[in-house]
>>> print(open('target22.cif').read())   # mmCIF, C-alpha atoms and all ligand atoms
data_input
#
loop_
_atom_site.label_atom_id
_atom_site.label_comp_id
_atom_site.auth_asym_id
_atom_site.auth_seq_id
_atom_site.Cartn_x
_atom_site.Cartn_y
_atom_site.Cartn_z
CA MET A 1 12.27 -90.77 40.85
CA GLN A 2 12.25 -92.60 37.49
CA ILE A 3 14.78 -91.42 34.89
CA PRO A 4 14.77 -93.17 31.50
CA PHE A 5 18.07 -93.53 29.62
CA HIS A 6 16.73 -91.34 26.85
CA LYS A 7 13.81 -89.00 26.15
CA THR A 8 13.55 -87.36 22.75
CA HIS A 9 13.16 -83.60 22.80
CA THR A 10 9.94 -82.72 20.98
CA SER A 11 7.71 -79.69 21.46
CA GLN A 12 4.49 -78.24 20.05
CA GLU A 13 6.54 -76.94 17.11
CA GLU A 14 7.47 -80.46 15.99
CA ILE A 15 3.85 -81.59 16.41
CA GLU A 16 2.54 -78.69 14.30
CA ALA A 17 5.15 -79.30 11.61
CA VAL A 18 4.13 -82.95 11.31
CA VAL A 19 0.42 -82.05 11.20
CA GLU A 20 1.13 -79.53 8.45
CA ALA A 21 3.10 -82.14 6.49
CA ILE A 22 0.21 -84.58 6.74
CA LYS A 23 -2.32 -81.94 5.70
CA SER A 24 -0.22 -81.05 2.67
CA GLY A 25 -0.99 -84.47 1.23
CA TRP A 26 2.68 -85.32 0.52
CA LEU A 27 3.02 -88.19 2.94
CA THR A 28 6.08 -89.61 1.26
CA MET A 29 9.21 -87.95 -0.18
CA GLY A 30 8.28 -84.52 -1.52
CA PRO A 31 9.01 -80.81 -1.00
CA LYS A 32 9.78 -81.12 2.73
CA VAL A 33 12.53 -83.66 2.04
CA VAL A 34 14.01 -81.29 -0.55
CA GLU A 35 13.84 -78.39 1.94
CA PHE A 36 15.41 -80.52 4.70
CA GLU A 37 18.29 -81.45 2.39
CA GLU A 38 18.84 -77.79 1.48
CA LYS A 39 18.80 -76.61 5.09
CA PHE A 40 21.02 -79.48 6.23
CA LYS A 41 23.53 -78.62 3.52
CA GLU A 42 23.56 -75.00 4.66
CA TYR A 43 23.97 -76.04 8.29
CA ILE A 44 26.89 -78.38 7.60
CA GLY A 45 28.40 -76.13 4.91
CA CYS A 46 28.83 -78.99 2.43
CA GLN A 47 27.83 -79.15 -1.23
CA GLU A 48 25.52 -82.16 -1.22
CA ALA A 49 23.10 -83.74 1.26
CA VAL A 50 20.92 -86.76 0.44
CA CYS A 51 18.16 -87.68 2.88
CA LEU A 52 17.53 -91.37 3.59
CA ASN A 53 15.50 -93.47 5.97
CA SER A 54 18.45 -94.38 8.24
CA ALA A 55 22.18 -94.07 8.73
CA THR A 56 22.40 -97.76 7.88
CA ALA A 57 20.94 -96.93 4.45
CA ALA A 58 23.35 -93.99 4.11
CA LEU A 59 26.36 -96.19 4.95
CA HIS A 60 25.17 -98.89 2.56
CA LEU A 61 24.72 -96.50 -0.35
CA ALA A 62 27.98 -94.70 0.47
CA LEU A 63 29.85 -98.00 0.10
CA LYS A 64 27.98 -98.63 -3.13
CA ALA A 65 28.89 -95.15 -4.42
CA ILE A 66 32.61 -95.79 -3.88
CA GLY A 67 32.26 -99.08 -5.76
CA LEU A 68 32.79 -101.66 -2.98
CA GLN A 69 32.99 -105.18 -4.41
CA ARG A 70 32.73 -108.75 -3.18
CA GLY A 71 35.93 -109.77 -1.32
CA ASP A 72 37.04 -106.19 -0.60
CA GLU A 73 38.01 -105.31 2.95
CA VAL A 74 36.79 -102.35 4.99
CA ILE A 75 38.50 -101.25 8.22
CA LEU A 76 36.27 -100.07 11.07
CA PRO A 77 36.46 -99.95 14.88
CA THR A 78 35.11 -102.89 16.84
CA ASN A 79 33.51 -100.41 19.25
CA THR A 80 30.47 -99.49 17.18
CA PHE A 81 26.85 -100.37 16.62
CA VAL A 82 26.59 -103.42 14.41
CA ALA A 83 25.20 -101.37 11.48
CA THR A 84 28.71 -100.12 10.62
CA ALA A 85 29.91 -103.69 10.04
CA GLU A 86 26.61 -105.02 8.69
CA VAL A 87 26.60 -102.75 5.63
CA VAL A 88 29.98 -104.17 4.57
CA THR A 89 28.52 -107.68 4.59
CA TYR A 90 25.78 -106.60 2.12
CA PHE A 91 28.52 -106.69 -0.55
CA ASP A 92 30.06 -110.00 0.55
CA ALA A 93 32.97 -107.80 1.55
CA VAL A 94 34.85 -108.25 4.84
CA PRO A 95 34.61 -105.98 7.90
CA VAL A 96 38.16 -105.80 9.31
CA LEU A 97 37.94 -104.70 12.92
CA CYS A 98 40.41 -102.35 14.57
CA ASP A 99 41.02 -101.91 18.31
CA ILE A 100 40.27 -98.59 19.98
CA GLU A 101 41.90 -95.92 22.13
CA GLU A 102 41.48 -96.32 25.88
CA ASP A 103 40.70 -92.65 26.50
CA THR A 104 38.33 -91.64 23.64
CA HIS A 105 37.02 -95.14 22.70
CA ASN A 106 37.55 -94.12 19.06
CA ILE A 107 39.46 -96.18 16.47
CA ASP A 108 43.16 -96.42 17.38
CA VAL A 109 44.78 -94.98 14.27
CA SER A 110 48.19 -96.38 15.26
CA LYS A 111 46.75 -99.87 14.65
CA ILE A 112 45.22 -99.20 11.21
CA GLU A 113 48.30 -99.67 9.00
CA ALA A 114 48.89 -103.23 10.22
CA LEU A 115 45.39 -104.14 9.02
CA ILE A 116 45.77 -102.83 5.47
CA THR A 117 46.09 -105.43 2.70
CA GLU A 118 45.82 -105.26 -1.09
CA LYS A 119 42.10 -105.85 -0.68
CA THR A 120 41.48 -102.89 1.62
CA LYS A 121 39.11 -100.49 -0.08
CA ALA A 122 37.84 -98.17 2.65
CA ILE A 123 38.05 -97.03 6.26
CA ILE A 124 34.95 -96.15 8.27
CA PRO A 125 35.93 -94.06 11.30
CA VAL A 126 33.08 -93.85 13.83
CA HIS A 127 32.91 -90.66 15.90
CA PHE A 128 32.07 -92.41 19.14
CA GLY A 129 29.60 -90.54 21.36
CA GLY A 130 30.07 -87.49 19.13
CA GLN A 131 33.85 -87.02 19.52
CA PRO A 132 35.59 -86.89 16.11
CA CYS A 133 38.31 -89.46 15.40
CA ASP A 134 41.94 -88.58 14.59
CA MET A 135 41.03 -87.65 11.03
CA ASP A 136 44.35 -86.05 10.02
CA GLU A 137 46.22 -89.22 10.94
CA ILE A 138 43.72 -91.26 8.90
CA TYR A 139 44.14 -88.95 5.87
CA GLU A 140 47.92 -89.32 6.27
CA ILE A 141 47.68 -93.12 6.16
CA VAL A 142 45.51 -92.92 3.06
CA SER A 143 47.75 -90.48 1.21
CA ASN A 144 50.92 -92.44 2.07
CA LEU A 145 49.35 -95.60 0.67
CA GLN A 146 48.40 -93.75 -2.49
CA LYS A 147 51.96 -92.43 -2.86
CA THR A 148 53.85 -95.63 -2.05
CA LYS A 149 51.59 -98.30 -3.53
CA SER A 150 49.15 -96.37 -5.74
CA GLN A 151 46.37 -97.94 -3.72
CA LYS A 152 43.27 -95.80 -3.24
CA LEU A 153 41.46 -96.00 0.08
CA TYR A 154 38.11 -94.29 0.53
CA ILE A 155 36.96 -92.68 3.75
CA ILE A 156 33.35 -92.93 4.84
CA GLU A 157 32.65 -91.31 8.20
CA ASP A 158 30.06 -92.88 10.47
CA ALA A 159 28.75 -89.69 12.06
CA ALA A 160 25.63 -91.27 13.55
CA HIS A 161 26.52 -89.57 16.88
CA ALA A 162 28.10 -86.40 15.55
CA ILE A 163 25.56 -83.63 15.03
CA PRO A 164 26.94 -81.13 15.74
CA SER A 165 30.60 -82.04 16.27
CA TYR A 166 33.73 -80.22 15.14
CA TYR A 167 37.19 -81.39 14.14
CA LYS A 168 39.78 -78.61 14.27
CA GLY A 169 36.99 -76.07 13.86
CA VAL A 170 35.29 -77.78 10.89
CA LYS A 171 31.85 -79.26 11.29
CA ILE A 172 31.67 -83.01 10.85
CA GLY A 173 30.04 -83.64 7.49
CA ASN A 174 32.26 -81.14 5.74
CA LEU A 175 35.82 -82.46 6.11
CA ALA A 176 37.39 -81.92 2.71
CA ARG A 177 39.33 -85.19 2.45
CA THR A 178 36.45 -87.46 3.45
CA ASP A 179 34.43 -89.04 0.65
CA ILE A 180 31.02 -89.37 2.30
CA THR A 181 29.69 -88.75 5.83
CA CYS A 182 26.64 -90.56 7.22
CA PHE A 183 24.35 -89.20 9.93
CA SER A 184 21.56 -90.89 11.89
CA PHE A 185 18.25 -89.37 12.94
CA TYR A 186 17.15 -92.41 14.96
CA ALA A 187 14.94 -91.73 18.00
CA THR A 188 17.82 -91.49 20.51
CA LYS A 189 20.04 -89.30 18.37
CA THR A 190 20.80 -85.60 18.87
CA LEU A 191 18.65 -84.70 15.85
CA SER A 192 15.74 -87.08 15.66
CA THR A 193 13.07 -87.75 13.07
CA GLY A 194 12.12 -91.11 14.62
CA GLU A 195 14.00 -92.95 11.92
CA GLY A 196 16.16 -91.25 9.32
CA GLY A 197 19.60 -90.50 7.97
CA MET A 198 21.59 -88.19 5.72
CA ALA A 199 24.63 -88.64 3.52
CA THR A 200 26.76 -85.53 2.98
CA THR A 201 29.56 -85.12 0.45
CA ASN A 202 31.34 -82.54 -1.66
CA ASN A 203 31.36 -84.91 -4.64
CA SER A 204 28.36 -84.56 -6.95
CA ASP A 205 28.89 -88.00 -8.55
CA TYR A 206 28.57 -89.73 -5.18
CA ALA A 207 25.48 -87.67 -4.38
CA LYS A 208 23.87 -88.54 -7.71
CA ASN A 209 24.63 -92.23 -7.23
CA ILE A 210 23.09 -92.23 -3.73
CA ARG A 211 20.01 -90.32 -4.97
CA VAL A 212 19.41 -92.85 -7.75
CA ASN A 213 19.94 -95.84 -5.47
CA ARG A 214 17.73 -94.60 -2.64
CA LEU A 215 14.69 -95.07 -4.89
CA HIS A 216 15.01 -98.38 -6.74
CA GLY A 217 17.67 -97.10 -9.15
CA ILE A 218 15.24 -94.77 -10.90
CA ASP A 219 17.01 -92.20 -13.05
CA ARG A 220 15.44 -88.93 -11.95
CA ASP A 221 16.74 -87.21 -15.04
CA ALA A 222 14.76 -89.54 -17.27
CA TRP A 223 11.76 -89.18 -14.97
CA ASP A 224 11.96 -85.39 -14.96
CA ARG A 225 12.51 -85.32 -18.70
CA TYR A 226 9.38 -87.29 -19.40
CA SER A 227 7.18 -86.25 -16.48
CA ALA A 228 7.37 -82.70 -17.83
CA LYS A 229 5.29 -84.11 -20.66
CA GLY A 230 2.97 -85.77 -18.15
CA SER A 231 4.39 -89.13 -19.03
CA TRP A 232 4.40 -92.37 -17.05
CA TYR A 233 7.94 -93.07 -18.24
CA TYR A 234 11.01 -93.71 -16.09
CA GLU A 235 14.19 -95.74 -16.41
CA ILE A 236 15.93 -98.06 -13.94
CA VAL A 237 19.67 -97.54 -14.25
CA ASP A 238 20.93 -99.51 -11.21
CA ASN A 239 19.77 -102.23 -8.79
CA GLY A 240 18.74 -99.74 -6.13
CA ASN A 241 16.99 -99.88 -2.78
CA LYS A 242 13.87 -98.44 -1.15
CA TYR A 243 15.68 -96.12 1.23
CA ASN A 244 13.91 -92.78 0.71
CA SER A 245 12.73 -90.59 3.58
CA THR A 246 9.26 -89.03 3.87
CA ASP A 247 7.90 -85.49 4.19
CA ILE A 248 6.59 -86.36 7.66
CA ASN A 249 10.09 -87.26 8.89
CA ALA A 250 11.62 -84.28 7.09
CA ALA A 251 9.12 -81.89 8.71
CA LEU A 252 10.30 -83.11 12.11
CA GLY A 253 13.90 -82.82 10.98
CA LEU A 254 13.53 -79.21 9.85
CA VAL A 255 12.32 -78.13 13.29
CA GLN A 256 15.02 -80.15 15.10
CA LEU A 257 17.75 -78.79 12.84
CA LYS A 258 16.92 -75.19 13.87
CA LYS A 259 17.43 -76.13 17.52
CA GLN A 260 20.73 -77.98 17.17
CA GLU A 261 22.98 -75.39 18.83
CA GLU A 262 20.52 -74.81 21.68
CA LEU A 263 20.12 -78.56 22.30
CA ARG A 264 23.87 -79.11 22.18
CA GLU A 265 24.40 -76.35 24.71
CA LYS A 266 22.00 -78.08 27.08
CA ARG A 267 23.80 -81.43 26.72
CA THR A 268 27.15 -79.67 27.23
CA LYS A 269 25.90 -78.14 30.49
CA ILE A 270 24.85 -81.58 31.73
CA ALA A 271 28.26 -83.01 30.77
CA GLN A 272 29.97 -80.17 32.65
CA LYS A 273 27.91 -80.90 35.75
CA TYR A 274 28.83 -84.58 35.61
CA ILE A 275 32.52 -83.75 35.08
CA GLU A 276 32.53 -81.29 37.97
CA ALA A 277 30.81 -83.73 40.31
CA PHE A 278 32.88 -86.80 39.43
CA SER A 279 36.35 -85.37 38.83
CA GLY A 280 38.72 -86.50 41.54
CA ASN A 281 36.61 -89.56 42.27
CA ARG A 282 39.05 -92.48 42.04
CA ASN A 283 36.25 -94.95 41.28
CA ILE A 284 35.09 -93.15 38.13
CA GLU A 285 37.01 -92.69 34.88
CA LEU A 286 35.61 -89.69 33.03
CA PRO A 287 35.32 -89.25 29.25
CA VAL A 288 38.33 -87.58 27.62
CA ILE A 289 37.76 -85.04 24.86
CA LYS A 290 40.85 -84.08 22.85
CA GLU A 291 41.70 -80.37 22.72
CA ASP A 292 41.33 -79.81 18.99
CA ARG A 293 37.77 -81.12 18.71
CA GLU A 294 34.26 -80.61 20.06
CA THR A 295 31.75 -83.33 20.78
CA SER A 296 27.99 -83.26 20.30
CA TRP A 297 27.76 -85.01 23.72
CA HIS A 298 25.45 -87.64 22.26
CA LEU A 299 26.77 -89.99 24.95
CA PHE A 300 28.34 -89.52 28.37
CA VAL A 301 30.32 -92.68 29.09
CA ILE A 302 32.08 -93.29 32.40
CA LYS A 303 34.15 -96.32 33.34
CA VAL A 304 33.66 -98.10 36.67
CA GLU A 305 34.61 -101.43 38.25
CA ASN A 306 31.75 -103.94 38.67
CA ARG A 307 29.87 -102.19 35.88
CA ASP A 308 26.99 -104.70 35.71
CA SER A 309 26.14 -104.42 39.38
CA VAL A 310 26.41 -100.62 39.25
CA ILE A 311 23.86 -100.60 36.40
CA GLU A 312 21.54 -102.90 38.37
CA GLU A 313 21.82 -100.82 41.54
CA LEU A 314 21.17 -97.57 39.66
CA LYS A 315 18.19 -99.21 37.98
CA SER A 316 16.75 -100.18 41.36
CA ARG A 317 17.03 -96.49 42.27
CA GLY A 318 15.08 -95.49 39.14
CA ILE A 319 18.02 -94.51 36.89
CA SER A 320 18.31 -96.31 33.55
CA CYS A 321 21.77 -96.54 32.02
CA SER A 322 23.09 -98.21 28.90
CA VAL A 323 26.31 -99.66 27.47
CA HIS A 324 27.95 -98.47 24.24
CA PHE A 325 28.86 -100.79 22.67
CA ILE A 326 29.10 -104.56 22.86
CA PRO A 327 32.10 -104.76 20.48
CA VAL A 328 31.34 -106.23 17.07
CA HIS A 329 33.95 -109.01 17.55
CA LYS A 330 31.94 -110.39 20.47
CA HIS A 331 28.67 -110.91 18.59
CA PRO A 332 28.19 -114.62 17.76
CA TYR A 333 27.28 -114.12 14.09
CA TYR A 334 30.32 -111.96 13.36
CA LYS A 335 32.68 -114.05 15.48
CA GLU A 336 31.68 -117.24 13.70
CA LYS A 337 31.56 -115.83 10.20
CA TYR A 338 34.79 -113.80 10.28
CA GLY A 339 36.77 -115.67 12.97
CA TYR A 340 37.58 -112.62 15.08
CA ILE A 341 39.86 -113.45 18.01
CA ASP A 342 38.94 -111.79 21.29
CA SER A 343 42.55 -111.19 22.34
CA ASP A 344 43.16 -109.08 19.20
CA TYR A 345 41.09 -106.32 20.81
CA PRO A 346 42.55 -105.91 24.32
CA VAL A 347 41.64 -102.25 24.74
CA ALA A 348 38.09 -102.64 23.44
CA ASN A 349 37.61 -105.58 25.81
CA THR A 350 38.77 -103.59 28.84
CA VAL A 351 36.72 -100.55 27.84
CA PHE A 352 33.62 -102.67 27.23
CA GLY A 353 33.96 -104.34 30.65
CA LYS A 354 33.84 -101.02 32.49
CA SER A 355 31.75 -98.65 30.34
CA LEU A 356 28.45 -97.25 31.43
CA SER A 357 26.45 -94.56 29.60
CA LEU A 358 24.61 -92.11 31.83
CA PRO A 359 21.44 -90.30 30.71
CA ILE A 360 22.29 -87.08 28.83
CA TYR A 361 19.50 -85.31 26.97
CA PRO A 362 18.28 -81.71 26.80
CA ASP A 363 15.09 -82.20 28.81
CA LEU A 364 16.85 -83.72 31.82
CA SER A 365 15.92 -81.41 34.74
CA ASP A 366 18.40 -80.01 37.29
CA GLU A 367 16.69 -82.12 39.92
CA GLU A 368 17.15 -85.26 37.83
CA ILE A 369 20.82 -84.45 37.14
CA GLU A 370 21.43 -83.97 40.86
CA TYR A 371 19.65 -87.23 41.63
CA ILE A 372 21.84 -89.09 39.10
CA ILE A 373 25.05 -87.55 40.47
CA GLN A 374 24.18 -88.27 44.08
CA ASN A 375 23.21 -91.88 43.36
CA VAL A 376 26.21 -92.65 41.16
CA ILE A 377 28.51 -91.43 43.95
CA GLU A 378 26.59 -93.43 46.55
CA VAL A 379 26.78 -96.60 44.44
CA VAL A 380 30.43 -96.46 43.32
CA GLY A 381 31.86 -94.73 46.42
CA ILE A 382 34.33 -91.86 46.57
C1 LIG B 401 27.65 -95.70 15.41
C2 LIG B 401 26.35 -95.99 14.72
N1 LIG B 401 26.35 -96.20 13.39
C3 LIG B 401 25.22 -96.45 12.70
C4 LIG B 401 24.01 -96.52 13.34
C5 LIG B 401 22.77 -96.83 12.55
O1 LIG B 401 21.88 -95.77 12.57
P1 LIG B 401 20.38 -95.95 12.04
O2 LIG B 401 19.60 -96.54 13.17
O3 LIG B 401 19.93 -94.57 11.69
O4 LIG B 401 20.43 -96.85 10.86
C6 LIG B 401 23.94 -96.31 14.72
C7 LIG B 401 22.66 -96.38 15.41
O5 LIG B 401 22.50 -96.44 16.60
C8 LIG B 401 25.13 -96.05 15.43
O6 LIG B 401 25.14 -95.85 16.75
#
>>> encode(input="target22.cif", output="structure tokens")
Amino acid sequence: MQIPFHKTHTSQEEIEAVVEAIKSGWLTMGPKVVEFEEKFKEYIGCQEAVCLNSATAALHLALKAIGLQRGDEVILPTNTFVATAEVVTYFDAVPVLCDIEEDTHNIDVSKIEALITEKTKAIIPVHFGGQPCDMDEIYEIVSNLQKTKSQKLYIIEDAAHAIPSYYKGVKIGNLARTDITCFSFYATKTLSTGEGGMATTNNSDYAKNIRVNRLHGIDRDAWDRYSAKGSWYYEIVDNGNKYNSTDINAALGLVQLKKQEELREKRTKIAQKYIEAFSGNRNIELPVIKEDRETSWHLFVIKVENRDSVIEELKSRGISCSVHFIPVHKHPYYKEKYGYIDSDYPVANTVFGKSLSLPIYPDLSDEEIEYIIQNVIEVVGI
């Protein structure tokens, strides 16, 4: 049996939606993008949603919207995909890495305060694998700093893994004290448009700023004002980017959005089967989900000794696994440029050494799940 690490769920409905989008003639950003933003907003319950061509673009423009400047510092977990740190470097600002919790692999909020300096401008919590971070504790740190030092810290959530995820009953993307939340629709994500992203916020100024900057800094108001007269006129009001989405991607997104609860249920069932099969096995550490939150189950990460050889052995049996993530402080470019010291991240180092992500996607069959369970147990022992 051959089981890839990921297979995107697409059906005839997605294919027909894309064909219809192509036939409409609007190949780029048009009415489907507008509809996708509206429906996404409704789904999340937030006031604003701006569609982009990736979460990286969303994170970049979110940092621009809060006014990040050269030399500022942004705190983020070392256990993330490099995009979270990379966007900070676009501003010649500094990604300040924080260690993580051993159980959830999320940012360790007890270690954030020690990293705050006068230059700290923002925190980017990453909801690893779909499990929300300790957001109330992060809000507390931010409001204490405001009270004691009148220093404002912005919160940008990296929710690339978190559709749909809930923190204390509220859907990620709609937490009132967060400035901007960024989602990814990359091919392996729980809602996929191939490539894509969305920024959500309840602040209309941020949303306007991101809208202007996703298309070269063109002021839509000026465009709309003059295009009503059939004019060629537009104004550039910022040094923007080319980060817009397309109607083809949005058509895919609209179909996938409708299925989110159903797809999440399927991933949850797979997670439950893994948990049932592996609990009590002293060679496997299972993922820990805190009681007051719900994960999208984008990832199912176990921890095992001899992780590399386990991955190789499973591969030889037809099961592809992955590792999330190689911590940012270990990547040569970041290590050299920012001088990160490996021993500053003891928990992330231990977690990285043992973590292994098993396949978890809606179209995984019962037979495949059983095959994975049986082989993992055979390889790691009981
Ligand atoms: C935690 C995290 N943040 C950001 C990104 C970037 O997403 P995108 O590929 O949509 O730019 C990813 C992508 O894998 C991710 O895992």
>>> closest_residue(input="target22.cif", among="A:Tyr167, A:Tyr154, A:Phe36, A:Tyr186", to="ligand LIG 401 (chain B)", atoms="only C-alpha atoms and all ligand atoms")
A:Tyr186
>>> residues_near_point(input="target22.cif", point="(33.2, -112.8, 13.3)", cutoff="9 Å", atoms="all atoms listed in the file", output="PDB file with C-alpha atoms, in the coordinates of the input")
ATOM      1  CA  PRO A  95      34.610-105.980   7.900  1.00  0.00           C
ATOM      2  CA  VAL A 328      31.340-106.230  17.070  1.00  0.00           C
ATOM      3  CA  HIS A 329      33.950-109.010  17.550  1.00  0.00           C
ATOM      4  CA  LYS A 330      31.940-110.390  20.470  1.00  0.00           C
ATOM      5  CA  HIS A 331      28.670-110.910  18.590  1.00  0.00           C
ATOM      6  CA  PRO A 332      28.190-114.620  17.760  1.00  0.00           C
ATOM      7  CA  TYR A 333      27.280-114.120  14.090  1.00  0.00           C
ATOM      8  CA  TYR A 334      30.320-111.960  13.360  1.00  0.00           C
ATOM      9  CA  LYS A 335      32.680-114.050  15.480  1.00  0.00           C
ATOM     10  CA  GLU A 336      31.680-117.240  13.700  1.00  0.00           C
ATOM     11  CA  LYS A 337      31.560-115.830  10.200  1.00  0.00           C
ATOM     12  CA  TYR A 338      34.790-113.800  10.280  1.00  0.00           C
ATOM     13  CA  GLY A 339      36.770-115.670  12.970  1.00  0.00           C
ATOM     14  CA  TYR A 340      37.580-112.620  15.080  1.00  0.00           C
ATOM     15  CA  ILE A 341      39.860-113.450  18.010  1.00  0.00           C
TER      16      ILE A 341
END
>>> residues_near_ligand(input="target22.cif", ligand="ligand LIG 401 (chain B)", cutoff="6 Å", atoms="only C-alpha atoms and all ligand atoms", output="ChimeraX atom specification")
/A:54-56,80-81,83-84,126,158,160,184-186,196-197
>>> residues_around(input="target22.cif", residues="Trp297 (chain A)", least_positions_apart="5", cutoff="9 Å", atoms="all atoms listed in the file", output="VMD selection string")
chain A and resid 129 to 131 161 to 162 164 to 165 190 264 267 to 268 271 360 to 361
>>> residues_around(input="target22.cif", residues="region 22-33 of chain A", least_positions_apart="4", cutoff="12 Å", atoms="all atoms listed in the file", output="PyMOL selection string")
chain A and resi 15-18+37-40+49-53+193+196-198+214-215+242-255
>>> closest_residue(input="target22.cif", among="A:Phe325, A:Tyr43, A:Tyr371, A:Tyr139", to="Tyr274 (chain A)", atoms="only C-alpha atoms")
A:Tyr371
>>> atom_distance(input="target22.cif", atom1="CA of Val34 (chain A)", atom2="CA of Ala159 (chain A)")
21.1 Å
>>> closest_residue(input="target22.cif", among="A:Lys149, A:Lys273, A:Lys41, A:Lys7", to="Asn174 (chain A)", atoms="all atoms listed in the file")
A:Lys41
>>> atom_distance(input="target22.cif", atom1="CA of Asp308 (chain A)", atom2="CA of Ile373 (chain A)")
17.9 Å
>>> closest_residue(input="target22.cif", among="A:Glu140, A:Glu48, A:Asp92, A:Glu261", to="Ala199 (chain A)", atoms="all atoms listed in the file")
A:Glu48
>>> residues_around(input="target22.cif", residues="Leu153 (chain A)", least_positions_apart="5", cutoff="6 Å", atoms="all atoms listed in the file", output="number ranges by chain")
A: 121-122, 142
>>> atom_distance(input="target22.cif", atom1="CA of Lys269 (chain A)", atom2="CA of Asn79 (chain A)")
26.1 Å
>>> build_atoms(input="target22.cif", residues="region 174-191 of chain A", atoms="N, CA and C atoms", output="compact mmCIF listing (two decimals), in the frame of the given file")
# COMPACT_ATOMS: atom_id res chain seq x y z
N ASN A 174 31.68 -82.05 6.73
CA ASN A 174 32.26 -81.14 5.74
C ASN A 174 33.78 -81.22 5.72
N LEU A 175 34.36 -82.34 6.15
CA LEU A 175 35.82 -82.46 6.11
C LEU A 175 36.22 -82.75 4.67
N ALA A 176 37.12 -81.91 4.14
CA ALA A 176 37.39 -81.92 2.71
C ALA A 176 37.93 -83.25 2.18
N ARG A 177 38.69 -83.99 3.00
CA ARG A 177 39.33 -85.19 2.45
C ARG A 177 38.52 -86.47 2.70
N THR A 178 37.35 -86.31 3.24
CA THR A 178 36.45 -87.46 3.45
C THR A 178 35.58 -87.61 2.21
N ASP A 179 35.28 -88.84 1.83
CA ASP A 179 34.43 -89.04 0.65
C ASP A 179 32.96 -88.79 0.97
N ILE A 180 32.45 -89.51 1.97
CA ILE A 180 31.02 -89.37 2.30
C ILE A 180 30.86 -89.50 3.83
N THR A 181 29.96 -88.69 4.39
CA THR A 181 29.69 -88.75 5.83
C THR A 181 28.22 -89.14 6.03
N CYS A 182 28.00 -90.03 7.01
CA CYS A 182 26.64 -90.56 7.22
C CYS A 182 26.13 -90.23 8.61
N PHE A 183 24.97 -89.60 8.66
CA PHE A 183 24.35 -89.20 9.93
C PHE A 183 23.11 -90.05 10.21
N SER A 184 22.78 -90.16 11.49
CA SER A 184 21.56 -90.89 11.89
C SER A 184 20.58 -89.95 12.57
N PHE A 185 19.31 -90.13 12.25
CA PHE A 185 18.25 -89.37 12.94
C PHE A 185 17.32 -90.31 13.71
N TYR A 186 17.89 -91.44 14.15
CA TYR A 186 17.15 -92.41 14.96
C TYR A 186 16.65 -91.74 16.25
N ALA A 187 15.63 -92.34 16.86
CA ALA A 187 14.94 -91.73 18.00
C ALA A 187 15.85 -91.23 19.12
N THR A 188 16.97 -91.92 19.38
CA THR A 188 17.82 -91.49 20.51
C THR A 188 18.89 -90.49 20.10
N LYS A 189 18.93 -90.14 18.83
CA LYS A 189 20.04 -89.30 18.37
C LYS A 189 19.80 -87.81 18.66
N THR A 190 20.87 -87.02 18.47
CA THR A 190 20.80 -85.60 18.87
C THR A 190 19.86 -84.79 17.96
N LEU A 191 19.69 -85.25 16.73
CA LEU A 191 18.65 -84.70 15.85
C LEU A 191 17.79 -85.89 15.47
